[in-house]
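*Asks:* Got a structure here, written out as structure tokens. Questions coming.
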Amino acid sequence: MLIAGNWKMFRGPDPAALVGLDAVICPSYTRLRDCVEAGLTTFAQNVHWEWEGAYTGEIAAPLLLELGVVGSLVGHSERRQYFGETDETVAKRVRAALDAGLRVIACVGETQHEREGGETEEVLRRQLAVLEPHPELVLAYEPVWAIGTGRTATPEMAQEAHAFIKSQLDAPVLYGGSVKPDNAAALLSQPDVDGALVGGASLEAGSLKAICETAARIPS
Ligand code: 13P
């Protein structure tokens with residue numbers, strides 16, 4: 001069971017409050033060093049496919065590794081929605097990051113419009129088709145309509161999507177989208193839910209810890 005906290009473009013809690021926590025933390029770039037120095041398993045929120053180069057505003061895998069960062073999110077829906085991330089650029093980032101020795105959490109998920117149009121499986125199939133299994137690759141199913149909205153997928157919806165994802169690509173699958181201490185147990189108890197990617201609730205040390213404690217009680 002893997003719990004990852006995505007702090008997005010928020011400052012997040014004091015890393016000292018999380019020392020010893022069995023979780024991956026994905027802070028803003030300026031807080032990576034603090035998280036590494038606190039001994040936390042620290043991931044970036046994005047990584048470029050080139051080792052170095054003239055790519056203003058991007059970050060390269062070797063620079064992350066030099067800092068002690070051990071992995072990265074790739075293809076979060078906010079990157080796809082607001083920053084022109086495509087399935088092709090996701091594939092390039094994932095491949096380069098894994099080749100460099102980073103762990104990767106690659107995010108997939110459908111929008112509200114796609115779900116209502118009955119396109120969920122088609123969207124997931126397309127997003128997954130560009131990826132290949134790798135021992136250090138974890139997927140996150142994050143239905144876009146459940147992110148930051150307080151509208152979580154039901155445990156049954158999450159299970160159905162996770163089973164489909166695993167039929168397409170053999171990798172552990174985290175659920176993300178309004179995971180909170182009070183709904184974590186039901187979601188994490190589903191057989192194909194292998195952990196959670198937590199946004200808002202990871203910004204408060206107490207609620208992230210509560211979710212990790214719930215995860216630790218669920219037999220894998
Ligand atoms: P929330 O938990 O705030 O819905 O965010 C989910 C998410 O996008 C994690 O990457």
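The way I read the labels, and the way they are meant: chains A, B, ... in the order of the structure tokens, residue 1 as the first residue of every chain, and ligand 1 as the first ligand shown, with later ones counted on from there.
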Where does DSSP see strand (DSSP E or B) in range 159-196 of chain A, if you list the residues as a ChimeraX atom specification?

*Replies:* /A:173-176,195-196

*Asks:* Taking only C-alpha atoms and all ligand atoms into account, which residues are within 7 Å of ligand 1, as a list in words?

*Replies:* Asn6, His76, Glu142, Ala146, Ile147, Gly148, Thr149, Gly150, Gly176, Gly177, Ser178, Val179, Leu197, Val198, Gly199, Gly200 and Ala201 of chain A

*Asks:* Next, dump the selected residues to file, keeping only C-alpha atoms, as a compact mmCIF listing (two decimals), in the first residue's frame.

*Replies:*
# COMPACT_ATOMS: atom_id res chain seq x y z
CA ASN A 6 0.85 15.84 -3.88
CA HIS A 76 -1.07 14.79 -13.69
CA GLU A 142 -7.38 10.22 -10.88
CA ALA A 146 -13.09 14.00 -8.40
CA ILE A 147 -9.98 16.17 -8.01
CA GLY A 148 -10.35 18.99 -5.52
CA THR A 149 -14.12 18.77 -5.74
CA GLY A 150 -14.95 16.73 -2.67
CA GLY A 176 -6.58 9.93 -6.39
CA GLY A 177 -9.43 12.40 -6.11
CA SER A 178 -10.75 13.84 -2.85
CA VAL A 179 -9.22 11.11 -0.66
CA LEU A 197 -2.47 9.91 -4.33
CA VAL A 198 -3.69 12.58 -1.94
CA GLY A 199 -3.96 16.29 -2.79
CA GLY A 200 -5.76 18.61 -0.38
CA ALA A 201 -5.66 16.25 2.60

*Asks:* From the options A:Lys180, A:Ala106, A:Asp192, A:Val69, which residue's atoms come nearest to Glu204 in chain A, counting only C-alpha atoms?

*Replies:* A:Lys180

*Asks:* Which residue gives the smallest distance to Ala186 in chain A among A:Pro133, A:Gly109, A:Pro15, A:Pro155, with only C-alpha atoms counted?

*Replies:*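 Looking at the shortest contact to Ala186 in chain A, the residue is A:Pro155.
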
*Asks:* Nearest residue to Glu122 in chain A out of A:Tyr82, A:Phe43, A:Phe164, A:Trp49, using only C-alpha atoms?

*Replies:*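 Closest candidate: A:Phe164.
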
*Asks:* Extract, using only C-alpha atoms, all DNA, RNA and protein residues at most 9 Å from Glu52 in chain A, discarding same-chain residues fewer than 4 positions from it, and format them as a compact mmCIF listing (two decimals) with N, CA, C and O atoms, in the first residue's frame.

*Replies:*
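As a result, result.txt now contains:
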# COMPACT_ATOMS: atom_id res chain seq x y z
N HIS A 48 11.43 16.55 -17.03
CA HIS A 48 11.60 16.63 -18.49
C HIS A 48 12.27 15.37 -19.03
O HIS A 48 12.88 14.62 -18.27
N ILE A 59 12.52 20.78 -15.47
CA ILE A 59 13.52 20.21 -14.56
C ILE A 59 13.98 18.86 -15.12
O ILE A 59 13.15 18.09 -15.62
N ALA A 60 15.27 18.59 -15.04
CA ALA A 60 15.84 17.37 -15.60
C ALA A 60 16.05 16.32 -14.51
O ALA A 60 16.37 16.66 -13.37
N ALA A 61 15.93 15.05 -14.90
CA ALA A 61 16.10 13.96 -13.94
C ALA A 61 17.44 14.01 -13.20
O ALA A 61 17.47 13.83 -11.97
N PRO A 62 18.58 14.24 -13.89
CA PRO A 62 19.85 14.25 -13.15
C PRO A 62 19.89 15.32 -12.06
O PRO A 62 20.53 15.13 -11.02
N LEU A 63 19.23 16.46 -12.31
CA LEU A 63 19.22 17.53 -11.30
C LEU A 63 18.40 17.12 -10.09
O LEU A 63 18.72 17.45 -8.94

*Asks:* Could you tell me how far CA of Gln127 in chain A lies from CA of Cys107 in chain A, in Å and to one decimal?

*Replies:*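 According to the coordinates, CA of Gln127 in chain A and CA of Cys107 in chain A are separated by 8.9 Å.
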